[in-house]
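S.K.: Hey, dropping structure24.pdb in here, PDB, C-alpha atoms and all ligand atoms:
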```pdb
ATOM      1  CA  MET H 290       0.274  -7.104 -60.231
ATOM      2  CA  TRP H 291       1.073  -5.454 -56.918
ATOM      3  CA  ARG H 292      -0.755  -2.199 -56.467
ATOM      4  CA  ARG H 293       1.126   0.697 -54.947
ATOM      5  CA  ARG H 294      -1.363   0.887 -52.144
ATOM      6  CA  LEU H 295       0.422   1.059 -48.851
ATOM      7  CA  GLY H 296       3.324   3.240 -49.904
ATOM      8  CA  ALA H 297       5.528   5.028 -47.469
ATOM      9  CA  PHE H 298       2.948   4.750 -44.729
ATOM     10  CA  LEU H 299       3.563   1.044 -44.530
ATOM     11  CA  LEU H 300       7.126   0.640 -45.659
ATOM     12  CA  ARG H 301       8.488   3.457 -43.687
ATOM     13  CA  SER H 302      12.144   4.136 -43.506
ATOM     14  CA  PRO H 303      14.760   3.594 -46.148
ATOM     15  CA  PRO H 304      17.227   0.883 -45.223
ATOM     16  CA  SER H 305      20.134   1.978 -43.107
ATOM     17  CA  SER H 306      23.466   1.457 -44.794
ATOM     18  CA  SER H 307      24.504  -1.057 -42.166
ATOM     19  CA  SER H 308      21.492  -3.284 -42.618
ATOM     20  CA  THR H 309      21.135  -3.579 -46.385
ATOM     21  CA  ALA H 310      24.010  -5.878 -47.166
ATOM     22  CA  ALA H 311      22.818  -8.785 -45.106
ATOM     23  CA  SER H 312      24.364 -11.962 -46.338
ATOM     24  CA  SER H 313      23.662 -13.925 -43.189
ATOM     25  CA  CYS H 314      20.790 -13.884 -40.781
ATOM     26  CA  GLN H 315      22.254 -13.340 -37.376
ATOM     27  CA  HIS H 316      20.066 -11.931 -34.637
ATOM     28  CA  ARG H 317      19.688  -8.239 -35.094
ATOM     29  CA  ARG H 318      18.517  -5.514 -32.838
ATOM     30  CA  HIS H 319      15.914  -3.380 -34.473
ATOM     31  CA  HIS H 320      14.765  -0.009 -33.555
ATOM     32  CA  LEU H 321      11.194   1.011 -32.961
ATOM     33  CA  LEU H 322      10.503   4.257 -34.699
ATOM     34  CA  PRO H 323       7.426   6.411 -34.183
ATOM     35  CA  ARG H 324       5.003   6.129 -37.053
ATOM     36  CA  GLU H 325       2.299   8.409 -38.342
ATOM     37  CA  GLU H 326      -1.130   7.112 -39.179
ATOM     38  CA  PRO H 327      -4.448   8.632 -40.195
ATOM     39  CA  PRO H 328      -6.331   9.914 -37.124
ATOM     40  CA  ALA H 329      -9.173   7.364 -37.150
ATOM     41  CA  LEU H 330      -6.796   4.403 -37.404
ATOM     42  CA  ASN H 331      -4.568   5.994 -34.815
ATOM     43  CA  ARG H 332      -7.379   6.147 -32.279
ATOM     44  CA  LEU H 333      -8.332   2.518 -32.765
ATOM     45  CA  ALA H 334      -4.724   1.404 -32.779
ATOM     46  CA  ARG H 335      -4.103   3.136 -29.454
ATOM     47  CA  LEU H 336      -7.131   1.398 -28.036
ATOM     48  CA  PHE H 337      -5.705  -1.897 -29.220
ATOM     49  CA  THR H 338      -2.187  -1.390 -27.946
ATOM     50  CA  SER H 339      -3.371  -0.141 -24.600
ATOM     51  CA  GLN H 340      -5.054  -3.534 -24.226
ATOM     52  CA  ALA H 341      -1.875  -5.271 -25.340
ATOM     53  CA  GLY H 342      -0.142  -3.994 -22.243
ATOM     54  CA  SER H 343       3.464  -3.176 -21.685
ATOM     55  CA  ASP H 344       6.412  -4.707 -23.468
ATOM     56  CA  GLY H 345       9.165  -3.386 -21.306
ATOM     57  CA  GLY H 346       7.954   0.184 -21.240
ATOM     58  CA  ASN H 347       7.289   0.369 -24.969
ATOM     59  CA  SER H 348       3.840   1.725 -25.706
ATOM     60  CA  GLN H 349       4.186   1.556 -29.503
ATOM     61  CA  LYS H 350       1.833  -0.373 -31.704
ATOM     62  CA  PRO H 351       3.314  -3.655 -32.866
ATOM     63  CA  PHE H 352       4.962  -3.864 -36.282
ATOM     64  CA  ILE H 353       2.660  -6.100 -38.318
ATOM     65  CA  ALA H 354       3.778  -8.282 -41.232
ATOM     66  CA  PHE H 355       1.129 -10.178 -43.170
ATOM     67  CA  VAL H 356       2.677 -13.293 -44.710
ATOM     68  CA  LEU H 357       0.747 -14.510 -47.725
ATOM     69  CA  GLY H 358       1.109 -17.162 -50.398
ATOM     70  CA  GLY H 359      -0.665 -20.197 -51.754
ATOM     71  CA  PRO H 360      -1.155 -23.381 -49.764
ATOM     72  CA  GLY H 361       2.209 -25.103 -49.510
ATOM     73  CA  SER H 362       4.188 -22.051 -50.626
ATOM     74  CA  GLY H 363       6.236 -22.257 -47.415
ATOM     75  CA  LYS H 364       4.671 -19.520 -45.288
ATOM     76  CA  GLY H 365       4.872 -21.479 -42.052
ATOM     77  CA  THR H 366       8.421 -22.701 -42.710
ATOM     78  CA  GLN H 367       9.715 -19.219 -43.436
ATOM     79  CA  CYS H 368       7.786 -17.625 -40.561
ATOM     80  CA  THR H 369       9.470 -19.996 -38.120
ATOM     81  CA  LYS H 370      12.852 -18.825 -39.391
ATOM     82  CA  ILE H 371      11.885 -15.138 -39.392
ATOM     83  CA  ALA H 372      10.578 -15.426 -35.843
ATOM     84  CA  LEU H 373      13.871 -16.919 -34.701
ATOM     85  CA  ASP H 374      16.196 -14.563 -36.511
ATOM     86  CA  PHE H 375      14.271 -11.326 -36.278
ATOM     87  CA  GLY H 376      12.446 -11.733 -32.985
ATOM     88  CA  PHE H 377       8.896 -11.734 -34.307
ATOM     89  CA  ALA H 378       5.945 -13.442 -32.670
ATOM     90  CA  HIS H 379       4.576 -15.942 -35.206
ATOM     91  CA  LEU H 380       0.793 -16.045 -35.337
ATOM     92  CA  SER H 381      -0.502 -18.547 -37.858
ATOM     93  CA  ALA H 382      -4.173 -17.970 -38.651
ATOM     94  CA  GLY H 383      -4.527 -21.630 -39.639
ATOM     95  CA  ASP H 384      -2.976 -22.794 -36.362
ATOM     96  CA  LEU H 385      -5.292 -20.524 -34.372
ATOM     97  CA  LEU H 386      -8.275 -22.029 -36.191
ATOM     98  CA  ARG H 387      -6.997 -25.583 -35.602
ATOM     99  CA  HIS H 388      -6.497 -24.736 -31.942
ATOM    100  CA  GLU H 389     -10.125 -23.609 -31.784
ATOM    101  CA  ILE H 390     -11.166 -26.944 -33.344
ATOM    102  CA  ALA H 391      -9.072 -28.832 -30.788
ATOM    103  CA  SER H 392     -10.770 -26.927 -27.963
ATOM    104  CA  GLY H 393     -13.996 -28.743 -28.832
ATOM    105  CA  SER H 394     -16.013 -25.525 -29.051
ATOM    106  CA  GLU H 395     -19.132 -25.136 -31.166
ATOM    107  CA  LYS H 396     -17.232 -22.675 -33.335
ATOM    108  CA  GLY H 397     -14.605 -25.384 -33.835
ATOM    109  CA  GLU H 398     -17.201 -27.694 -35.385
ATOM    110  CA  LEU H 399     -18.081 -25.054 -37.941
ATOM    111  CA  ILE H 400     -14.400 -24.323 -38.628
ATOM    112  CA  VAL H 401     -13.403 -27.939 -39.275
ATOM    113  CA  ASP H 402     -16.114 -28.331 -41.929
ATOM    114  CA  ILE H 403     -14.942 -25.172 -43.667
ATOM    115  CA  ILE H 404     -11.281 -26.215 -43.597
ATOM    116  CA  LYS H 405     -12.104 -29.659 -45.018
ATOM    117  CA  GLU H 406     -13.823 -27.889 -47.912
ATOM    118  CA  GLY H 407     -10.910 -25.504 -48.385
ATOM    119  CA  ARG H 408     -13.221 -22.538 -47.892
ATOM    120  CA  ILE H 409     -12.588 -19.422 -45.818
ATOM    121  CA  VAL H 410     -13.752 -19.169 -42.223
ATOM    122  CA  PRO H 411     -15.992 -16.139 -41.463
ATOM    123  CA  SER H 412     -13.810 -13.085 -40.958
ATOM    124  CA  GLU H 413     -15.115 -12.199 -37.496
ATOM    125  CA  ILE H 414     -14.019 -15.577 -36.116
ATOM    126  CA  THR H 415     -10.499 -15.418 -37.541
ATOM    127  CA  VAL H 416      -9.900 -11.758 -36.779
ATOM    128  CA  GLU H 417     -11.044 -12.195 -33.203
ATOM    129  CA  LEU H 418      -8.636 -15.130 -32.751
ATOM    130  CA  ILE H 419      -5.784 -13.090 -34.233
ATOM    131  CA  ARG H 420      -6.639 -10.032 -32.148
ATOM    132  CA  LYS H 421      -6.608 -12.084 -28.941
ATOM    133  CA  ALA H 422      -3.355 -13.811 -29.909
ATOM    134  CA  MET H 423      -1.699 -10.473 -30.642
ATOM    135  CA  GLU H 424      -2.840  -9.187 -27.312
ATOM    136  CA  ALA H 425      -1.642 -12.297 -25.486
ATOM    137  CA  SER H 426       1.739 -12.277 -27.225
ATOM    138  CA  ASN H 427       2.388  -8.715 -26.091
ATOM    139  CA  ALA H 428       4.949  -8.615 -28.887
ATOM    140  CA  ASN H 429       6.170  -5.524 -30.651
ATOM    141  CA  LYS H 430       6.686  -7.393 -33.946
ATOM    142  CA  VAL H 431       4.184  -9.914 -35.240
ATOM    143  CA  LEU H 432       3.999 -12.131 -38.289
ATOM    144  CA  ILE H 433       0.445 -12.921 -39.248
ATOM    145  CA  ASP H 434       0.812 -16.070 -41.323
ATOM    146  CA  GLY H 435      -1.887 -17.017 -43.840
ATOM    147  CA  PHE H 436      -4.192 -14.051 -43.323
ATOM    148  CA  PRO H 437      -5.989 -12.162 -44.875
ATOM    149  CA  ARG H 438      -7.261 -14.683 -47.377
ATOM    150  CA  CYS H 439      -9.881 -12.489 -49.023
ATOM    151  CA  GLU H 440     -10.911  -8.872 -49.262
ATOM    152  CA  GLU H 441     -13.524  -9.336 -46.585
ATOM    153  CA  ASN H 442     -10.826 -10.667 -44.194
ATOM    154  CA  ARG H 443      -8.669  -7.653 -44.913
ATOM    155  CA  ILE H 444     -11.464  -5.173 -44.290
ATOM    156  CA  ALA H 445     -12.558  -6.958 -41.102
ATOM    157  CA  PHE H 446      -8.998  -6.802 -39.724
ATOM    158  CA  GLU H 447      -8.822  -3.072 -40.384
ATOM    159  CA  ARG H 448     -12.211  -2.589 -38.758
ATOM    160  CA  ILE H 449     -11.687  -4.775 -35.686
ATOM    161  CA  VAL H 450      -7.961  -4.341 -35.001
ATOM    162  CA  GLY H 451      -7.848  -0.835 -36.428
ATOM    163  CA  ARG H 452      -4.580  -1.369 -38.251
ATOM    164  CA  GLU H 453      -3.135  -1.992 -41.660
ATOM    165  CA  PRO H 454       0.004  -4.121 -41.956
ATOM    166  CA  ASP H 455       3.418  -2.470 -41.997
ATOM    167  CA  ILE H 456       4.552  -4.881 -44.675
ATOM    168  CA  VAL H 457       3.010  -7.673 -46.726
ATOM    169  CA  VAL H 458       5.223 -10.563 -47.766
ATOM    170  CA  PHE H 459       4.070 -12.782 -50.606
ATOM    171  CA  PHE H 460       5.655 -16.159 -51.240
ATOM    172  CA  ASP H 461       5.268 -16.760 -54.943
ATOM    173  CA  CYS H 462       5.352 -20.465 -55.782
ATOM    174  CA  PRO H 463       4.219 -22.478 -58.825
ATOM    175  CA  GLU H 464       1.112 -24.593 -58.332
ATOM    176  CA  ASP H 465       2.733 -27.959 -59.076
ATOM    177  CA  GLU H 466       5.420 -27.296 -56.446
ATOM    178  CA  MET H 467       2.780 -26.316 -53.876
ATOM    179  CA  VAL H 468       0.820 -29.518 -54.547
ATOM    180  CA  LYS H 469       3.955 -31.635 -54.213
ATOM    181  CA  ARG H 470       4.830 -30.007 -50.886
ATOM    182  CA  LEU H 471       1.304 -30.321 -49.495
ATOM    183  CA  LEU H 472       1.056 -33.997 -50.391
ATOM    184  CA  GLY H 473       4.354 -34.542 -48.578
ATOM    185  CA  ARG H 474       3.534 -32.403 -45.528
ATOM    186  CA  ASN H 475       2.538 -35.371 -43.436
ATOM    187  CA  GLN H 476       1.166 -33.510 -40.426
ATOM    188  CA  GLY H 477      -2.155 -35.346 -40.383
ATOM    189  CA  ARG H 478      -4.080 -32.309 -41.565
ATOM    190  CA  VAL H 479      -7.656 -32.783 -42.783
ATOM    191  CA  ASP H 480      -6.965 -30.540 -45.784
ATOM    192  CA  ASP H 481      -3.756 -32.143 -47.064
ATOM    193  CA  ASN H 482      -5.477 -34.425 -49.565
ATOM    194  CA  ILE H 483      -5.754 -33.936 -53.300
ATOM    195  CA  GLU H 484      -9.516 -33.188 -53.302
ATOM    196  CA  THR H 485      -9.205 -30.391 -50.735
ATOM    197  CA  ILE H 486      -5.965 -29.139 -52.280
ATOM    198  CA  LYS H 487      -7.713 -28.639 -55.644
ATOM    199  CA  LYS H 488     -10.436 -26.627 -53.906
ATOM    200  CA  ARG H 489      -7.862 -24.590 -51.964
ATOM    201  CA  LEU H 490      -6.016 -23.728 -55.143
ATOM    202  CA  LYS H 491      -9.252 -22.449 -56.697
ATOM    203  CA  VAL H 492      -9.917 -20.333 -53.600
ATOM    204  CA  PHE H 493      -6.325 -19.097 -53.766
ATOM    205  CA  GLU H 494      -6.815 -17.908 -57.362
ATOM    206  CA  SER H 495     -10.235 -16.371 -56.895
ATOM    207  CA  LEU H 496     -10.044 -14.879 -53.384
ATOM    208  CA  ASN H 497      -6.461 -14.826 -52.072
ATOM    209  CA  ILE H 498      -4.816 -13.384 -55.176
ATOM    210  CA  PRO H 499      -7.075 -10.288 -55.255
ATOM    211  CA  VAL H 500      -6.112  -9.414 -51.695
ATOM    212  CA  ILE H 501      -2.435 -10.010 -52.480
ATOM    213  CA  ASP H 502      -2.833  -7.711 -55.490
ATOM    214  CA  TYR H 503      -4.437  -5.106 -53.310
ATOM    215  CA  TYR H 504      -1.230  -4.610 -51.378
ATOM    216  CA  SER H 505       1.885  -3.083 -52.620
ATOM    217  CA  SER H 506       5.195  -3.882 -51.021
ATOM    218  CA  ARG H 507       8.730  -4.917 -51.658
ATOM    219  CA  GLY H 508       7.658  -8.205 -50.199
ATOM    220  CA  LYS H 509       7.252 -10.501 -53.206
ATOM    221  CA  ILE H 510       9.619 -13.423 -52.808
ATOM    222  CA  ASN H 511      10.366 -16.257 -55.194
ATOM    223  CA  ALA H 512       9.399 -19.296 -53.104
ATOM    224  CA  THR H 513      11.124 -21.958 -55.205
ATOM    225  CA  GLY H 514      14.392 -23.550 -54.168
ATOM    226  CA  THR H 515      15.363 -24.845 -50.787
ATOM    227  CA  ALA H 516      13.954 -23.333 -47.597
ATOM    228  CA  ASP H 517      17.407 -21.909 -46.843
ATOM    229  CA  GLU H 518      17.716 -20.318 -50.274
ATOM    230  CA  ILE H 519      14.318 -18.699 -49.897
ATOM    231  CA  PHE H 520      15.251 -17.502 -46.442
ATOM    232  CA  GLU H 521      18.238 -15.645 -47.889
ATOM    233  CA  ALA H 522      15.825 -13.518 -49.909
ATOM    234  CA  VAL H 523      13.640 -13.136 -46.824
ATOM    235  CA  CYS H 524      16.636 -11.939 -44.833
ATOM    236  CA  LYS H 525      17.464  -9.308 -47.435
ATOM    237  CA  LEU H 526      13.943  -7.986 -47.193
ATOM    238  CA  PHE H 527      13.677  -8.008 -43.411
ATOM    239  CA  SER H 528      17.145  -6.548 -42.962
ATOM    240  CA  SER H 529      16.042  -3.570 -45.029
ATOM    241  CA  LEU H 530      13.180  -2.748 -42.693
ATOM    242  CA  ARG H 531      13.161  -0.628 -39.580
ATOM    243  CA  PHE H 532      10.962  -2.246 -36.984
TER     244      PHE H 532
HETATM  245  N1  LIG E 601      11.502 -24.590 -49.979
HETATM  246  C1  LIG E 601      10.933 -25.753 -49.722
HETATM  247  N2  LIG E 601      11.215 -26.814 -50.477
HETATM  248  C2  LIG E 601      10.626 -28.014 -50.235
HETATM  249  N3  LIG E 601       9.722 -28.236 -49.266
HETATM  250  C3  LIG E 601       9.397 -27.189 -48.484
HETATM  251  C4  LIG E 601       9.979 -25.910 -48.661
HETATM  252  N4  LIG E 601       9.446 -25.058 -47.760
HETATM  253  C5  LIG E 601       8.584 -25.784 -47.042
HETATM  254  N5  LIG E 601       8.537 -27.051 -47.462
HETATM  255  C6  LIG E 601       7.711 -28.148 -46.975
HETATM  256  O1  LIG E 601       6.476 -28.016 -47.679
HETATM  257  C7  LIG E 601       5.373 -28.252 -46.814
HETATM  258  C8  LIG E 601       4.502 -26.998 -46.757
HETATM  259  O2  LIG E 601       5.252 -25.961 -46.139
HETATM  260  P1  LIG E 601       4.553 -24.946 -45.146
HETATM  261  O3  LIG E 601       5.619 -24.098 -44.569
HETATM  262  O4  LIG E 601       3.657 -25.671 -44.228
HETATM  263  O5  LIG E 601       3.700 -24.068 -46.202
HETATM  264  P2  LIG E 601       2.396 -23.213 -46.023
HETATM  265  O6  LIG E 601       2.366 -22.745 -44.594
HETATM  266  O7  LIG E 601       2.548 -22.087 -46.984
HETATM  267  O8  LIG E 601       1.266 -24.100 -46.379
HETATM  268  C9  LIG E 601       5.971 -28.641 -45.451
HETATM  269  O9  LIG E 601       6.040 -30.047 -45.383
HETATM  270  C10 LIG E 601       7.376 -28.035 -45.501
HETATM  271  O10 LIG E 601       8.296 -28.772 -44.720
HETATM  272  O1  LIG E 602      -7.198 -16.641 -42.351
HETATM  273  C1  LIG E 602      -7.476 -17.834 -42.542
HETATM  274  C2  LIG E 602      -6.509 -18.840 -42.475
HETATM  275  C3  LIG E 602      -6.893 -20.139 -42.716
HETATM  276  N1  LIG E 602      -8.181 -20.430 -42.996
HETATM  277  C4  LIG E 602      -8.612 -21.812 -43.213
HETATM  278  O2  LIG E 602      -7.625 -22.713 -42.725
HETATM  279  C5  LIG E 602      -7.113 -23.490 -43.787
HETATM  280  C6  LIG E 602      -5.668 -23.802 -43.542
HETATM  281  O3  LIG E 602      -4.946 -22.608 -43.469
HETATM  282  P1  LIG E 602      -3.389 -22.594 -43.247
HETATM  283  O4  LIG E 602      -2.911 -21.183 -43.331
HETATM  284  O5  LIG E 602      -3.041 -23.352 -42.037
HETATM  285  O6  LIG E 602      -2.902 -23.400 -44.510
HETATM  286  P2  LIG E 602      -1.550 -23.300 -45.325
HETATM  287  O7  LIG E 602      -1.745 -22.280 -46.406
HETATM  288  O8  LIG E 602      -0.506 -22.919 -44.370
HETATM  289  O9  LIG E 602      -1.365 -24.669 -45.898
HETATM  290  C7  LIG E 602      -7.428 -22.686 -45.042
HETATM  291  O10 LIG E 602      -7.496 -23.474 -46.209
HETATM  292  C8  LIG E 602      -8.793 -22.116 -44.684
HETATM  293  O11 LIG E 602      -9.804 -23.097 -44.809
HETATM  294  C9  LIG E 602      -9.133 -19.439 -43.074
HETATM  295  O12 LIG E 602     -10.302 -19.705 -43.343
HETATM  296  N2  LIG E 602      -8.756 -18.156 -42.831
HETATM  297 MG    MG E 603       0.909 -22.801 -43.115
END
```
Kindly present the structure from the file in structure tokens form.
M.R.:
Amino acid sequence: MWRRRLGAFLLRSPPSSSSTAASSCQHRRHHLLPREEPPALNRLARLFTSQAGSDGGNSQKPFIAFVLGGPGSGKGTQCTKIALDFGFAHLSAGDLLRHEIASGSEKGELIVDIIKEGRIVPSEITVELIRKAMEASNANKVLIDGFPRCEENRIAFERIVGREPDIVVFFDCPEDEMVKRLLGRNQGRVDDNIETIKKRLKVFESLNIPVIDYYSSRGKINATGTADEIFEAVCKLFSSLRF
């Protein structure tokens, strides 16, 4: 069940008549509209965006989309397409963690053990990586792929970044399909093996699903079918938003 939690504050404007009937996903120019937020969040958000610097004279906070779904549901695949068609920066939490591992840092050693076990990396580590990546991207629209993965992640993001997402997209995919896709992913990942996958699916049920349920949005998407078919539904959703 998707709780009506974020409401109009997150999904702001009704779709414009010209953008609702999107049958194809050509590049579109989107408009940044001023948004209202509670005062405390507003203060923190300003602090954050002032660090993010200028994006061509635009001092607005970035539009944030959390992209959630089970392992193998197609988050990364769809984010790549969204980034291309809708001009979002794509920040994958998993990729940021793998980058930290590749850097050879002490933190990386801790992270690799957690990923092999399919567990969730401490929130402060992940949120800090995301915060820095958002800052570095200097983008006015960001997809945060694969985060938050638990309630603690969600709360830490709000505390550290001082923002809630503008929309939450959830790729809903049956477990057997996710397993099939993961076993065929073939990217040499330490967690794409059946033992870790089983653990990740348990974590998905017990920790990811509650945070997905926490959010309310129009963003639930049936993630079965081909990547292009799924992207058609994604396009309908994103075309209905005002960025
Ligand atoms: N709709 C789809 N049908 C079949 N395979 C897919 C589909 N979407 C993605 N894949 C493949 O499934 C695997 C997992 O997709 P990925 O985008 O990495 O998912 P996630 O980021 O949610 O784990 C990849 O090998 C990808 O190419
Ligand atoms: O916010 C995050 C994102 C990822 N991970 C860890 O990184 C792994 C891989 O995440 P990724 O999003 O890359 O996997 P995907 O769902 O895309 O297969 C997860 O199982 C977790 O162990 C995490 O702890 N926190
Ligand atoms: Mg992924």
S.K.: Hey, which residues come within 6 Å of ligand LIG 602 (chain E) if we count all atoms listed in the file? Could you give them as a list in words?
M.R.: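 Answer in the requested format: Gly359, Pro360, Gly361, Ala382, Gly383, Asp384, Ile403, Ile404, Gly407, Arg408, Ile409, Val410, Thr415, Gly435, Phe436, Pro437, Arg438 and Arg489 of chain H.
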S.K.: Could you pull out the residues sitting within 8 Å of ligand LIG 601 (chain E), using only C-alpha atoms and all ligand atoms, and write them as JSON, numbers by chain?
M.R.: {"H": [357, 358, 359, 360, 361, 362, 363, 364, 365, 366, 367, 368, 434, 435, 460, 467, 469, 470, 471, 473, 474, 475, 476, 512, 513, 514, 515, 516, 517, 518, 519]}
S.K.: Measure the distance from atom CA of H:Asn497 to atom CA of H:Lys525 in Å and round it to one decimal.
M.R.: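 Interatomic distance, atom CA of H:Asn497 to atom CA of H:Lys525: 25.0 Å.
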S.K.: Specify the axis-aligned box that encloses all atoms of stretch 500-516 of chain H listed in the file after padding of 8 Å on each side, stating its centre and edge lengths in Å to one decimal as lines of an AutoDock Vina configuration file.
M.R.:
```
center_x = 4.6
center_y = -14.0
center_z = -51.5
size_x = 37.5
size_y = 37.8
size_z = 23.9
```
S.K.: Find the residue from H:Lys487, H:Arg452, H:Lys350, H:Lys430 that sits nearest to H:Phe375; use only C-alpha atoms when measuring.
M.R.: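 Counting only C-alpha atoms, the residue closest to H:Phe375 is H:Lys430.
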S.K.: Return the single residue from H:Thr485, H:Ile353, H:Leu385, H:Cys524 that is closest to ligand MG 603 (chain E), with distances computed using all atoms listed in the file.
M.R.: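 Using all atoms listed in the file, ligand MG 603 (chain E) sits closest to H:Leu385.
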S.K.: My list of candidates is H:Tyr504, H:Asp481, H:Cys439, H:Val450. Which is closest to ligand MG 603 (chain E) when distances are computed with all atoms listed in the file?
M.R.: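 Among the listed residues, the smallest separation from ligand MG 603 (chain E) belongs to H:Asp481.
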S.K.: Any idea what the distance is between atom CA of H:Val416 and atom CA of H:Cys462?
M.R.: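 Computed distance, atom CA of H:Val416 to atom CA of H:Cys462, equals 25.9 Å.
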S.K.: Enter the distance from atom CA of H:Phe527 to atom CA of H:Phe377, in Å, rounded to one decimal.
M.R.: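 Pair atom CA of H:Phe527 / atom CA of H:Phe377 returns 10.9 Å.
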S.K.: Pick out the closest residue to ligand MG 603 (chain E) from this set: H:Glu406, H:Asp465, H:Glu494, H:Asp480. Count all atoms listed in the file.
M.R.: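 Between H:Glu406, H:Asp465, H:Glu494, H:Asp480, the residue approaching ligand MG 603 (chain E) most closely is H:Asp480.
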S.K.: Using only C-alpha atoms and all ligand atoms, pick whichever of H:Val356, H:Ser529, H:Leu490, H:Gly508 has the shortest atom-to-atom distance to ligand MG 603 (chain E).
M.R.: H:Val356
S.K.: My list of candidates is H:Arg478, H:Asp374, H:Ser394, H:Asp455. Which is closest to ligand MG 603 (chain E) when distances are computed with only C-alpha atoms and all ligand atoms?
M.R.: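 Smallest distance to ligand MG 603 (chain E) is found for H:Arg478.
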S.K.: Find the residues near H:Leu418: any atom within 10 Å, counting all atoms listed in the file, skip ones fewer than 6 places away on the same chain, and give them as a ChimeraX atom specification.
M.R.: /H:380,382,385-386,388-389,412,424
S.K.: Okay, now the selection with C-alpha atoms, as a PDB file, in the coordinates of the input?
M.R.:
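The resulting file, part.pdb, is reproduced below:
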```pdb
ATOM      1  CA  LEU H 380       0.793 -16.045 -35.337  1.00  0.00           C
ATOM      2  CA  ALA H 382      -4.173 -17.970 -38.651  1.00  0.00           C
ATOM      3  CA  LEU H 385      -5.292 -20.524 -34.372  1.00  0.00           C
ATOM      4  CA  LEU H 386      -8.275 -22.029 -36.191  1.00  0.00           C
ATOM      5  CA  HIS H 388      -6.497 -24.736 -31.942  1.00  0.00           C
ATOM      6  CA  GLU H 389     -10.125 -23.609 -31.784  1.00  0.00           C
ATOM      7  CA  SER H 412     -13.810 -13.085 -40.958  1.00  0.00           C
ATOM      8  CA  GLU H 424      -2.840  -9.187 -27.312  1.00  0.00           C
TER       9      GLU H 424
END
```
S.K.: Rebuild N, CA and C atoms on stretch 370-381 of chain H, as a JSON list (two decimals), in the frame of the given file?
M.R.:
```
[["chain", "number", "residue", "atom", "x", "y", "z"],
["H", 370, "LYS", "N", 11.48, -19.34, -39.29],
["H", 370, "LYS", "CA", 12.85, -18.82, -39.39],
["H", 370, "LYS", "C", 12.89, -17.32, -39.09],
["H", 371, "ILE", "N", 11.91, -16.60, -39.62],
["H", 371, "ILE", "CA", 11.88, -15.14, -39.39],
["H", 371, "ILE", "C", 11.73, -14.86, -37.89],
["H", 372, "ALA", "N", 10.84, -15.63, -37.27],
["H", 372, "ALA", "CA", 10.58, -15.43, -35.84],
["H", 372, "ALA", "C", 11.88, -15.61, -35.05],
["H", 373, "LEU", "N", 12.62, -16.64, -35.41],
["H", 373, "LEU", "CA", 13.87, -16.92, -34.70],
["H", 373, "LEU", "C", 14.93, -15.85, -34.92],
["H", 374, "ASP", "N", 15.10, -15.48, -36.19],
["H", 374, "ASP", "CA", 16.20, -14.56, -36.51],
["H", 374, "ASP", "C", 15.88, -13.10, -36.25],
["H", 375, "PHE", "N", 14.61, -12.75, -36.37],
["H", 375, "PHE", "CA", 14.27, -11.33, -36.28],
["H", 375, "PHE", "C", 13.40, -11.00, -35.08],
["H", 376, "GLY", "N", 13.15, -12.00, -34.24],
["H", 376, "GLY", "CA", 12.45, -11.73, -32.98],
["H", 376, "GLY", "C", 10.98, -11.40, -33.12],
["H", 377, "PHE", "N", 10.34, -11.95, -34.14],
["H", 377, "PHE", "CA", 8.90, -11.73, -34.31],
["H", 377, "PHE", "C", 8.10, -12.79, -33.54],
["H", 378, "ALA", "N", 6.91, -12.42, -33.10],
["H", 378, "ALA", "CA", 5.94, -13.44, -32.67],
["H", 378, "ALA", "C", 5.31, -13.99, -33.94],
["H", 379, "HIS", "N", 5.15, -15.30, -34.01],
["H", 379, "HIS", "CA", 4.58, -15.94, -35.21],
["H", 379, "HIS", "C", 3.14, -16.36, -34.91],
["H", 380, "LEU", "N", 2.20, -15.68, -35.53],
["H", 380, "LEU", "CA", 0.79, -16.05, -35.34],
["H", 380, "LEU", "C", 0.26, -16.61, -36.64],
["H", 381, "SER", "N", 0.04, -17.91, -36.66],
["H", 381, "SER", "CA", -0.50, -18.55, -37.86],
["H", 381, "SER", "C", -2.02, -18.60, -37.73]]
```
